[in-house]
Structures are given as C-alpha cells and as structure tokens.
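Trainee: Structure file run09.cif (mmCIF, C-alpha atoms) right here:
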```
data_final
#
loop_
_atom_site.group_PDB
_atom_site.id
_atom_site.type_symbol
_atom_site.label_atom_id
_atom_site.label_comp_id
_atom_site.auth_asym_id
_atom_site.auth_seq_id
_atom_site.Cartn_x
_atom_site.Cartn_y
_atom_site.Cartn_z
ATOM 1 C CA MET A 63 -51.197 38.776 -11.547
ATOM 2 C CA ALA A 64 -48.801 39.433 -8.711
ATOM 3 C CA GLU A 65 -46.112 42.039 -9.201
ATOM 4 C CA HIS A 66 -42.598 40.997 -8.288
ATOM 5 C CA ASP A 67 -39.589 43.195 -7.635
ATOM 6 C CA HIS A 68 -37.162 41.684 -10.118
ATOM 7 C CA GLY A 69 -34.515 44.263 -9.296
ATOM 8 C CA ALA A 70 -34.547 43.287 -5.626
ATOM 9 C CA THR A 71 -34.319 39.612 -6.586
ATOM 10 C CA ALA A 72 -31.331 40.208 -8.861
ATOM 11 C CA ARG A 73 -29.673 42.186 -6.079
ATOM 12 C CA GLU A 74 -30.357 39.361 -3.599
ATOM 13 C CA TYR A 75 -28.800 36.868 -6.043
ATOM 14 C CA TRP A 76 -25.515 38.794 -5.942
ATOM 15 C CA ARG A 77 -25.714 39.595 -2.224
ATOM 16 C CA SER A 78 -26.102 35.919 -1.347
ATOM 17 C CA ILE A 79 -23.200 34.882 -3.603
ATOM 18 C CA ASP A 80 -20.928 37.571 -2.169
ATOM 19 C CA ALA A 81 -21.931 36.517 1.372
ATOM 20 C CA ARG A 82 -21.570 32.774 0.606
ATOM 21 C CA ASP A 83 -25.179 32.552 1.832
ATOM 22 C CA TRP A 84 -26.127 29.418 -0.106
ATOM 23 C CA ASP A 85 -29.584 29.103 1.464
ATOM 24 C CA GLY A 86 -30.221 32.691 0.464
ATOM 25 C CA LEU A 87 -29.116 31.907 -3.083
ATOM 26 C CA ARG A 88 -31.346 28.802 -3.273
ATOM 27 C CA ALA A 89 -34.310 30.919 -2.174
ATOM 28 C CA VAL A 90 -34.175 33.138 -5.287
ATOM 29 C CA LEU A 91 -33.660 30.355 -7.847
ATOM 30 C CA ALA A 92 -36.588 28.653 -9.602
ATOM 31 C CA PRO A 93 -36.608 24.826 -9.434
ATOM 32 C CA ASP A 94 -35.686 24.614 -13.122
ATOM 33 C CA VAL A 95 -33.309 27.600 -13.183
ATOM 34 C CA VAL A 96 -30.793 27.613 -16.022
ATOM 35 C CA TYR A 97 -27.409 29.258 -15.479
ATOM 36 C CA ARG A 98 -25.571 29.928 -18.748
ATOM 37 C CA VAL A 99 -22.151 31.236 -19.733
ATOM 38 C CA PRO A 100 -22.841 32.260 -23.338
ATOM 39 C CA GLN A 101 -19.174 32.907 -24.168
ATOM 40 C CA THR A 102 -18.187 29.291 -23.424
ATOM 41 C CA GLY A 103 -21.490 27.526 -24.139
ATOM 42 C CA GLU A 104 -21.560 26.177 -20.587
ATOM 43 C CA GLN A 105 -24.753 25.738 -18.596
ATOM 44 C CA ALA A 106 -26.051 24.317 -15.332
ATOM 45 C CA ILE A 107 -29.666 23.285 -14.854
ATOM 46 C CA GLY A 108 -31.266 23.369 -11.421
ATOM 47 C CA PRO A 109 -30.456 25.268 -8.238
ATOM 48 C CA GLU A 110 -28.016 22.771 -6.727
ATOM 49 C CA ARG A 111 -25.547 22.923 -9.587
ATOM 50 C CA SER A 112 -25.726 26.741 -9.662
ATOM 51 C CA VAL A 113 -25.099 26.849 -5.926
ATOM 52 C CA ARG A 114 -22.172 24.434 -6.138
ATOM 53 C CA PHE A 115 -20.652 26.304 -9.079
ATOM 54 C CA ASN A 116 -20.610 29.493 -7.026
ATOM 55 C CA ALA A 117 -19.557 27.726 -3.806
ATOM 56 C CA GLU A 118 -16.612 26.041 -5.542
ATOM 57 C CA TYR A 119 -15.564 29.061 -7.597
ATOM 58 C CA PRO A 120 -11.891 29.468 -6.749
ATOM 59 C CA GLY A 121 -10.371 32.526 -5.116
ATOM 60 C CA ASP A 122 -10.962 34.867 -2.221
ATOM 61 C CA TRP A 123 -13.243 37.101 -4.244
ATOM 62 C CA ARG A 124 -15.792 39.725 -3.382
ATOM 63 C CA LEU A 125 -18.323 41.350 -5.666
ATOM 64 C CA SER A 126 -20.593 44.371 -5.680
ATOM 65 C CA VAL A 127 -23.398 45.456 -7.969
ATOM 66 C CA THR A 128 -22.481 48.536 -10.030
ATOM 67 C CA THR A 129 -25.523 48.790 -12.345
ATOM 68 C CA LEU A 130 -29.043 47.442 -11.994
ATOM 69 C CA VAL A 131 -31.876 47.762 -14.508
ATOM 70 C CA ALA A 132 -35.090 45.806 -14.048
ATOM 71 C CA ASP A 133 -38.614 45.668 -15.403
ATOM 72 C CA ALA A 134 -41.581 43.308 -15.530
ATOM 73 C CA GLU A 135 -39.733 40.944 -17.879
ATOM 74 C CA GLY A 136 -36.173 40.776 -16.640
ATOM 75 C CA ALA A 137 -33.181 42.399 -15.080
ATOM 76 C CA ALA A 138 -29.631 43.321 -16.058
ATOM 77 C CA THR A 139 -26.717 43.898 -13.715
ATOM 78 C CA THR A 140 -23.076 44.777 -13.899
ATOM 79 C CA ILE A 141 -20.831 43.705 -11.048
ATOM 80 C CA ASP A 142 -17.328 44.608 -9.985
ATOM 81 C CA PHE A 143 -15.719 41.234 -9.222
ATOM 82 C CA VAL A 144 -12.584 41.682 -7.159
ATOM 83 C CA ASP A 145 -9.933 39.107 -6.236
ATOM 84 C CA GLY A 146 -6.919 40.769 -4.633
ATOM 85 C CA ASP A 147 -5.859 43.588 -6.954
ATOM 86 C CA GLU A 148 -7.730 42.141 -9.932
ATOM 87 C CA HIS A 149 -11.005 43.729 -10.999
ATOM 88 C CA GLN A 150 -13.314 42.206 -13.590
ATOM 89 C CA THR A 151 -16.682 43.449 -14.828
ATOM 90 C CA GLY A 152 -19.395 40.831 -15.071
ATOM 91 C CA ILE A 153 -22.667 41.478 -16.869
ATOM 92 C CA ALA A 154 -25.676 39.302 -16.091
ATOM 93 C CA LEU A 155 -29.098 39.156 -17.706
ATOM 94 C CA PHE A 156 -31.943 37.572 -15.764
ATOM 95 C CA THR A 157 -35.404 36.317 -16.626
ATOM 96 C CA PHE A 158 -37.957 35.330 -14.013
ATOM 97 C CA ALA A 159 -40.529 32.645 -13.347
ATOM 98 C CA PRO A 160 -44.154 33.682 -12.732
ATOM 99 C CA ASP A 161 -43.546 33.335 -8.968
ATOM 100 C CA GLY A 162 -40.767 35.937 -9.143
ATOM 101 C CA ARG A 163 -37.821 33.581 -8.747
ATOM 102 C CA ILE A 164 -34.973 33.569 -11.244
ATOM 103 C CA ALA A 165 -35.600 31.395 -14.326
ATOM 104 C CA THR A 166 -32.458 32.077 -16.381
ATOM 105 C CA ILE A 167 -29.116 33.771 -15.828
ATOM 106 C CA ASP A 168 -26.831 34.689 -18.721
ATOM 107 C CA ASP A 169 -23.456 35.464 -17.205
ATOM 108 C CA TRP A 170 -21.063 37.449 -19.412
ATOM 109 C CA TRP A 171 -17.383 38.197 -18.702
ATOM 110 C CA PRO A 172 -16.060 40.624 -21.330
ATOM 111 C CA GLU A 173 -12.270 40.922 -21.506
ATOM 112 C CA PRO A 174 -10.246 44.019 -22.418
ATOM 113 C CA TYR A 175 -9.018 44.180 -26.025
ATOM 114 C CA GLU A 176 -6.986 46.466 -28.242
ATOM 115 C CA PRO A 177 -9.153 48.577 -30.557
ATOM 116 C CA PRO A 178 -8.802 47.940 -34.281
ATOM 117 C CA PRO A 179 -6.783 50.621 -36.078
ATOM 118 C CA GLY A 180 -8.448 53.376 -38.103
ATOM 119 C CA ARG A 181 -10.925 54.855 -35.639
ATOM 120 C CA GLU A 182 -8.616 57.101 -33.622
ATOM 121 C CA HIS A 183 -10.210 60.173 -35.262
ATOM 122 C CA LEU A 184 -13.605 59.172 -33.853
ATOM 123 C CA LEU A 185 -12.892 57.671 -30.449
ATOM 124 C CA ASP A 186 -10.581 59.056 -27.767
ATOM 125 C CA ARG A 187 -8.739 56.802 -25.384
ATOM 126 C CA PRO A 188 -8.170 59.016 -22.356
ATOM 127 C CA ASP A 189 -6.492 56.402 -20.129
ATOM 128 C CA ALA A 190 -4.314 54.692 -22.740
ATOM 129 C CA MET B 50 -41.489 64.902 -13.392
ATOM 130 C CA ALA B 51 -42.189 63.649 -16.875
ATOM 131 C CA GLU B 52 -42.052 59.928 -17.470
ATOM 132 C CA HIS B 53 -40.006 58.767 -20.433
ATOM 133 C CA ASP B 54 -40.092 55.410 -22.168
ATOM 134 C CA HIS B 55 -36.417 54.499 -21.907
ATOM 135 C CA GLY B 56 -37.015 51.109 -23.480
ATOM 136 C CA ALA B 57 -38.518 52.695 -26.584
ATOM 137 C CA THR B 58 -35.599 55.133 -26.795
ATOM 138 C CA ALA B 59 -33.031 52.325 -26.549
ATOM 139 C CA ARG B 60 -34.917 50.427 -29.244
ATOM 140 C CA GLU B 61 -34.965 53.562 -31.460
ATOM 141 C CA TYR B 62 -31.190 53.931 -30.979
ATOM 142 C CA TRP B 63 -30.632 50.487 -32.472
ATOM 143 C CA ARG B 64 -33.343 50.843 -35.146
ATOM 144 C CA SER B 65 -31.793 54.055 -36.419
ATOM 145 C CA ILE B 66 -28.288 52.557 -36.515
ATOM 146 C CA ASP B 67 -29.493 49.445 -38.349
ATOM 147 C CA ALA B 68 -31.417 51.656 -40.821
ATOM 148 C CA ARG B 69 -28.490 54.102 -41.247
ATOM 149 C CA ASP B 70 -31.016 56.749 -40.230
ATOM 150 C CA TRP B 71 -28.528 59.279 -38.846
ATOM 151 C CA ASP B 72 -31.115 61.982 -38.222
ATOM 152 C CA GLY B 73 -33.098 59.433 -36.244
ATOM 153 C CA LEU B 74 -29.989 58.552 -34.238
ATOM 154 C CA ARG B 75 -29.203 62.225 -33.520
ATOM 155 C CA ALA B 76 -32.747 62.692 -32.243
ATOM 156 C CA VAL B 77 -32.276 60.222 -29.356
ATOM 157 C CA LEU B 78 -28.824 61.441 -28.238
ATOM 158 C CA ALA B 79 -28.407 64.120 -25.561
ATOM 159 C CA PRO B 80 -26.164 67.083 -26.550
ATOM 160 C CA ASP B 81 -23.419 65.823 -24.203
ATOM 161 C CA VAL B 82 -23.938 62.106 -24.837
ATOM 162 C CA VAL B 83 -20.953 59.909 -24.011
ATOM 163 C CA TYR B 84 -20.402 56.717 -25.983
ATOM 164 C CA ARG B 85 -17.949 54.342 -24.292
ATOM 165 C CA VAL B 86 -16.316 51.034 -25.173
ATOM 166 C CA PRO B 87 -15.273 49.882 -21.690
ATOM 167 C CA GLN B 88 -13.183 46.972 -22.957
ATOM 168 C CA THR B 89 -10.850 49.272 -24.929
ATOM 169 C CA GLY B 90 -11.182 52.468 -22.886
ATOM 170 C CA GLU B 91 -12.411 54.337 -25.964
ATOM 171 C CA GLN B 92 -15.020 57.061 -25.823
ATOM 172 C CA ALA B 93 -16.721 59.667 -27.980
ATOM 173 C CA ILE B 94 -18.344 62.767 -26.547
ATOM 174 C CA GLY B 95 -21.221 64.469 -28.345
ATOM 175 C CA PRO B 96 -23.745 63.234 -30.893
ATOM 176 C CA GLU B 97 -21.728 63.980 -34.043
ATOM 177 C CA ARG B 98 -18.841 61.707 -33.152
ATOM 178 C CA SER B 99 -21.226 58.920 -32.132
ATOM 179 C CA VAL B 100 -23.085 59.271 -35.406
ATOM 180 C CA ARG B 101 -19.864 59.260 -37.432
ATOM 181 C CA PHE B 102 -18.503 56.267 -35.555
ATOM 182 C CA ASN B 103 -21.599 54.285 -36.503
ATOM 183 C CA ALA B 104 -21.766 55.701 -40.033
ATOM 184 C CA GLU B 105 -18.130 54.770 -40.705
ATOM 185 C CA TYR B 106 -18.240 51.384 -38.980
ATOM 186 C CA PRO B 107 -16.953 49.016 -41.660
ATOM 187 C CA GLY B 108 -18.917 46.140 -43.118
ATOM 188 C CA ASP B 109 -22.319 45.366 -44.568
ATOM 189 C CA TRP B 110 -23.783 44.620 -41.167
ATOM 190 C CA ARG B 111 -27.296 44.388 -39.809
ATOM 191 C CA LEU B 112 -28.381 44.205 -36.214
ATOM 192 C CA SER B 113 -31.467 43.307 -34.222
ATOM 193 C CA VAL B 114 -32.381 43.688 -30.583
ATOM 194 C CA THR B 115 -32.599 40.328 -28.784
ATOM 195 C CA THR B 116 -33.111 41.475 -25.156
ATOM 196 C CA LEU B 117 -34.427 44.730 -23.755
ATOM 197 C CA VAL B 118 -34.758 45.657 -20.082
ATOM 198 C CA ALA B 119 -35.583 49.218 -19.050
ATOM 199 C CA ASP B 120 -36.656 51.178 -16.013
ATOM 200 C CA ALA B 121 -36.763 54.749 -14.742
ATOM 201 C CA GLU B 122 -32.955 54.878 -14.464
ATOM 202 C CA GLY B 123 -31.616 53.103 -17.508
ATOM 203 C CA ALA B 124 -31.855 50.387 -20.091
ATOM 204 C CA ALA B 125 -29.920 47.295 -21.122
ATOM 205 C CA THR B 126 -29.998 45.598 -24.497
ATOM 206 C CA THR B 127 -28.428 42.662 -26.222
ATOM 207 C CA ILE B 128 -28.161 42.743 -29.985
ATOM 208 C CA ASP B 129 -27.389 40.155 -32.620
ATOM 209 C CA PHE B 130 -24.862 41.899 -34.885
ATOM 210 C CA VAL B 131 -24.591 40.101 -38.202
ATOM 211 C CA ASP B 132 -22.084 40.635 -41.011
ATOM 212 C CA GLY B 133 -22.345 37.893 -43.615
ATOM 213 C CA ASP B 134 -22.165 34.577 -41.737
ATOM 214 C CA GLU B 135 -20.621 36.155 -38.644
ATOM 215 C CA HIS B 136 -22.795 36.729 -35.596
ATOM 216 C CA GLN B 137 -21.651 38.708 -32.577
ATOM 217 C CA THR B 138 -23.563 39.544 -29.415
ATOM 218 C CA GLY B 139 -23.325 43.143 -28.273
ATOM 219 C CA ILE B 140 -24.487 44.246 -24.839
ATOM 220 C CA ALA B 141 -25.262 47.915 -24.239
ATOM 221 C CA LEU B 142 -26.130 49.754 -21.051
ATOM 222 C CA PHE B 143 -27.826 53.130 -21.320
ATOM 223 C CA THR B 144 -28.469 56.002 -18.964
ATOM 224 C CA PHE B 145 -30.746 58.907 -19.803
ATOM 225 C CA ALA B 146 -30.879 62.659 -19.474
ATOM 226 C CA PRO B 147 -33.863 64.249 -17.670
ATOM 227 C CA ASP B 148 -35.459 64.990 -21.059
ATOM 228 C CA GLY B 149 -35.433 61.276 -21.930
ATOM 229 C CA ARG B 150 -32.590 61.342 -24.438
ATOM 230 C CA ILE B 151 -29.587 59.049 -24.081
ATOM 231 C CA ALA B 152 -26.865 60.386 -21.770
ATOM 232 C CA THR B 153 -24.397 57.473 -21.776
ATOM 233 C CA ILE B 154 -23.914 54.270 -23.726
ATOM 234 C CA ASP B 155 -21.579 51.527 -22.529
ATOM 235 C CA ASP B 156 -21.050 49.206 -25.483
ATOM 236 C CA TRP B 157 -19.700 45.734 -24.646
ATOM 237 C CA TRP B 158 -18.535 43.095 -27.113
ATOM 238 C CA PRO B 159 -17.797 39.857 -25.246
ATOM 239 C CA GLU B 160 -15.808 37.260 -27.187
ATOM 240 C CA PRO B 161 -16.071 33.471 -26.918
ATOM 241 C CA TYR B 162 -13.459 31.778 -24.731
ATOM 242 C CA GLU B 163 -12.468 28.307 -23.617
ATOM 243 C CA PRO B 164 -13.647 27.518 -20.084
ATOM 244 C CA PRO B 165 -10.969 26.956 -17.470
ATOM 245 C CA PRO B 166 -10.468 23.274 -16.581
ATOM 246 C CA GLY B 167 -11.925 21.750 -13.431
ATOM 247 C CA ARG B 168 -15.575 22.699 -13.618
ATOM 248 C CA GLU B 169 -16.845 20.049 -16.044
ATOM 249 C CA HIS B 170 -18.658 18.318 -13.149
ATOM 250 C CA LEU B 171 -20.725 21.478 -12.569
ATOM 251 C CA LEU B 172 -21.337 22.942 -16.011
ATOM 252 C CA ASP B 173 -22.431 21.066 -19.141
ATOM 253 C CA ARG B 174 -21.394 22.184 -22.570
ATOM 254 C CA PRO B 175 -24.154 20.846 -24.812
ATOM 255 C CA ASP B 176 -22.874 22.292 -28.118
ATOM 256 C CA ALA B 177 -19.129 21.668 -27.664
#
```
Translate this structure into structure tokens?

Mentor:
Amino acid sequence: MAEHDHGATAREYWRSIDARDWDGLRAVLAPDVVYRVPQTGEQAIGPERSVRFNAEYPGDWRLSVTTLVADAEGAATTIDFVDGDEHQTGIALFTFAPDGRIATIDDWWPEPYEPPPGREHLLDRPDA
Amino acid sequence: MAEHDHGATAREYWRSIDARDWDGLRAVLAPDVVYRVPQTGEQAIGPERSVRFNAEYPGDWRLSVTTLVADAEGAATTIDFVDGDEHQTGIALFTFAPDGRIATIDDWWPEPYEPPPGREHLLDRPDA
C-alpha cells in the first residue's frame, strides 16, 4: 500500500485556493470529492463545483494555514481567512481516497459568541 | 526522543470527561495546560480549573469521539455532544508537552447558520 503525505495534500489544497490556482486545486481533488459545510447542510459533489465555489467566493481575501495535523486517515487544518481588516478562523477536516487525493472536506466557520453566565470563576477572559 | 501516542491521549481526554473520571482527566493534562475557548476568548490555566470546568458543566450530557486525527505535533477531534435530544458538534485541537501530556486545548463549538444567498447554483442543501 502506497503511503501518501496527507498533510502536504491538505496544505496544497489551501495554497492553490489562496493562489487562485484552479488547476492546482483540481489536481488534489478526487473525482468524486464531496465538499461539505456542516453548519449549513450545504454540499458540492465533484471537483468542478468545488473549484467554482472557491473561484466565485466573493471578496479580495487571502488565507494562510495556522494549524495542520495529519495522519494515515485524514487531516485537520485551521486557517486565518483575511478580507481587509476582517479575520475569520476556518477549520477543515479532510479524508483521502486510496490514491492520496482528497475525498471529503468538512469546512467549519465558527463565529464568536458571548459565554453563558456562571462560569467566570472557572474561565478567565483576558482580552474582554 | 520518546514517541507518544497523541491520538490515544486525545481519546483518553474525552473518555475521562464522558465518564466523569476526574483522576483520569488529570493524568493526561500537563501541569501548565491551557484550555481555551477561542470563540469567547475564555481560558483556564492549570489542570484543576480544567477539571472543575468539566465537572461543573451543566446538564446530563454524554459525548463520543466522531473524528480523530493525530501526528507528532498535535491532534484534532470532533465529538458528538448529546444532552437529551440535543446534539452539538465540538471540534478540539490539541498540542502536547514533551512528556506526551496535553499542553493546550482549543475547544470550538460551531453553530448552525443560514447560508448567504447567491450560491445555490454551486452548493446543494439535501436536508433543507
């Protein structure tokens, strides 16, 4: 069984999107890749729809990988997604096809929220 | 350099919390462990506050690990957090001390949201 570098593939996924390198993005996606946004229930099946979704995503954004964990089964990344002064953290979980290309992407976009009351004695909030 | 099984340690973190096994939880936390909730800016430094935060967390909840990725640097998990009929997905990112215990935990709780308009031609929403 061939060994694949899933971490490098996840990194190449984000590099190609940041660079608007759509051929590069196609090259890391399996033919039946499924892109999912679990928080909305949205999905896109196949490389072309994933590519178009990224190509048409509005804004003059850039992104960089801030965390990368990968093993024989999958990979997880956090990214800093920047559009002007706005920063958002994206978290993605990847699984891979036997040939090493990306089989599934779960793309999470957690939003800030106010903590529920009653835990101030346990958790500090240094920047609040 | 000793090799540590970071995936097993991340799994033990969640097993001990689900089992309310606070000695088990203490055993996987480094003395200067930092627990963070990036979406609120909250944090707890040291094992005792992390243990208490979990011990006092309200509800009759259970949790199970649904995704686990780990390598020499860190680990990432998703959990299904269940309280009655309510399911929430938690995503945690771990880093580790040289002795293999958990150094940092970033605990994310993404909420469902409505997708912005204008991308229905690219993303399906099978369950909406």

Trainee: Take the PyMOL selection byres ((chain A) within 8 of (chain B)), apply it to the structure above, and return the hits as a PyMOL selection string.

Mentor: chain A and resi 100-106+111-112+114-115+131-133+135-138+170-177+181+184-190

Trainee: How far is it from atom CA of Asp85 of chain A to atom CA of Pro166 of chain B, in Å with one decimal?

Mentor: 26.9 Å

Trainee: Apply the PyMOL selection byres ((chain B and resi 58) around 10) to the displayed file and report the matching residues as a PyMOL selection string.

Mentor: chain B and resi 53-57+59-64+74+76-78+119+124+143+145+149-151

Trainee: Of the residues B:Pro96, B:Ala152, B:Ile66, B:Val83, which is the one nearest to Ile128 of chain B, using only C-alpha atoms?

Mentor: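 Using only C-alpha atoms, the shortest distance to Ile128 of chain B belongs to B:Ile66.
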
Trainee: Using all atoms listed in the file, which residue out of A:Asp80, A:Ala159, A:Pro120, A:Val144 lies closest to Asp94 of chain A?

Mentor: A:Ala159

Trainee: Just to confirm, what's the straight-line distance from atom CA of Gln137 of chain B to atom CA of Asp155 of chain B in Å (one decimal)?

Mentor: 16.3 Å

Trainee: Provide the atom CA of Ala154 of chain A to atom CA of Val95 of chain A distance in Å, to one decimal place.

Mentor: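 Computing it gives 14.3 Å between the two atoms.
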
Trainee: Which of these, A:Gly180, A:Gly108, A:Arg82, A:Phe143, has the shortest distance to Leu125 of chain A once you count only C-alpha atoms?

Mentor: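 The shortest atom-to-atom distance to Leu125 of chain A comes from A:Phe143.
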
Trainee: Could N, CA and C atoms be built for segment 142-154 of chain A and written out as an mmCIF file, in the coordinates of the input?

Mentor:
```
data_model
loop_
_atom_site.group_PDB
_atom_site.id
_atom_site.type_symbol
_atom_site.label_atom_id
_atom_site.label_comp_id
_atom_site.auth_asym_id
_atom_site.auth_seq_id
_atom_site.Cartn_x
_atom_site.Cartn_y
_atom_site.Cartn_z
ATOM 1 N N ASP A 142 -18.779 44.494 -10.116
ATOM 2 C CA ASP A 142 -17.328 44.608 -9.985
ATOM 3 C C ASP A 142 -16.893 43.388 -9.176
ATOM 4 N N PHE A 143 -16.166 42.493 -9.833
ATOM 5 C CA PHE A 143 -15.719 41.234 -9.222
ATOM 6 C C PHE A 143 -14.250 41.424 -8.888
ATOM 7 N N VAL A 144 -13.924 41.325 -7.619
ATOM 8 C CA VAL A 144 -12.584 41.682 -7.159
ATOM 9 C C VAL A 144 -11.940 40.482 -6.482
ATOM 10 N N ASP A 145 -10.715 40.152 -6.907
ATOM 11 C CA ASP A 145 -9.933 39.107 -6.236
ATOM 12 C C ASP A 145 -8.527 39.677 -6.070
ATOM 13 N N GLY A 146 -8.187 40.079 -4.854
ATOM 14 C CA GLY A 146 -6.919 40.769 -4.633
ATOM 15 C C GLY A 146 -6.936 42.105 -5.356
ATOM 16 N N ASP A 147 -5.919 42.333 -6.195
ATOM 17 C CA ASP A 147 -5.859 43.588 -6.954
ATOM 18 C C ASP A 147 -6.592 43.513 -8.288
ATOM 19 N N GLU A 148 -7.113 42.341 -8.624
ATOM 20 C CA GLU A 148 -7.730 42.141 -9.932
ATOM 21 C C GLU A 148 -9.211 42.503 -9.905
ATOM 22 N N HIS A 149 -9.592 43.384 -10.830
ATOM 23 C CA HIS A 149 -11.005 43.729 -10.999
ATOM 24 C C HIS A 149 -11.494 43.195 -12.342
ATOM 25 N N GLN A 150 -12.678 42.593 -12.332
ATOM 26 C CA GLN A 150 -13.314 42.206 -13.590
ATOM 27 C C GLN A 150 -14.751 42.695 -13.563
ATOM 28 N N THR A 151 -15.262 43.095 -14.730
ATOM 29 C CA THR A 151 -16.682 43.449 -14.828
ATOM 30 C C THR A 151 -17.453 42.250 -15.341
ATOM 31 N N GLY A 152 -18.467 41.855 -14.610
ATOM 32 C CA GLY A 152 -19.395 40.831 -15.071
ATOM 33 C C GLY A 152 -20.723 41.480 -15.419
ATOM 34 N N ILE A 153 -21.342 40.989 -16.474
ATOM 35 C CA ILE A 153 -22.667 41.478 -16.869
ATOM 36 C C ILE A 153 -23.612 40.286 -16.848
ATOM 37 N N ALA A 154 -24.716 40.406 -16.156
ATOM 38 C CA ALA A 154 -25.676 39.302 -16.091
ATOM 39 C C ALA A 154 -27.044 39.776 -16.546
#
```
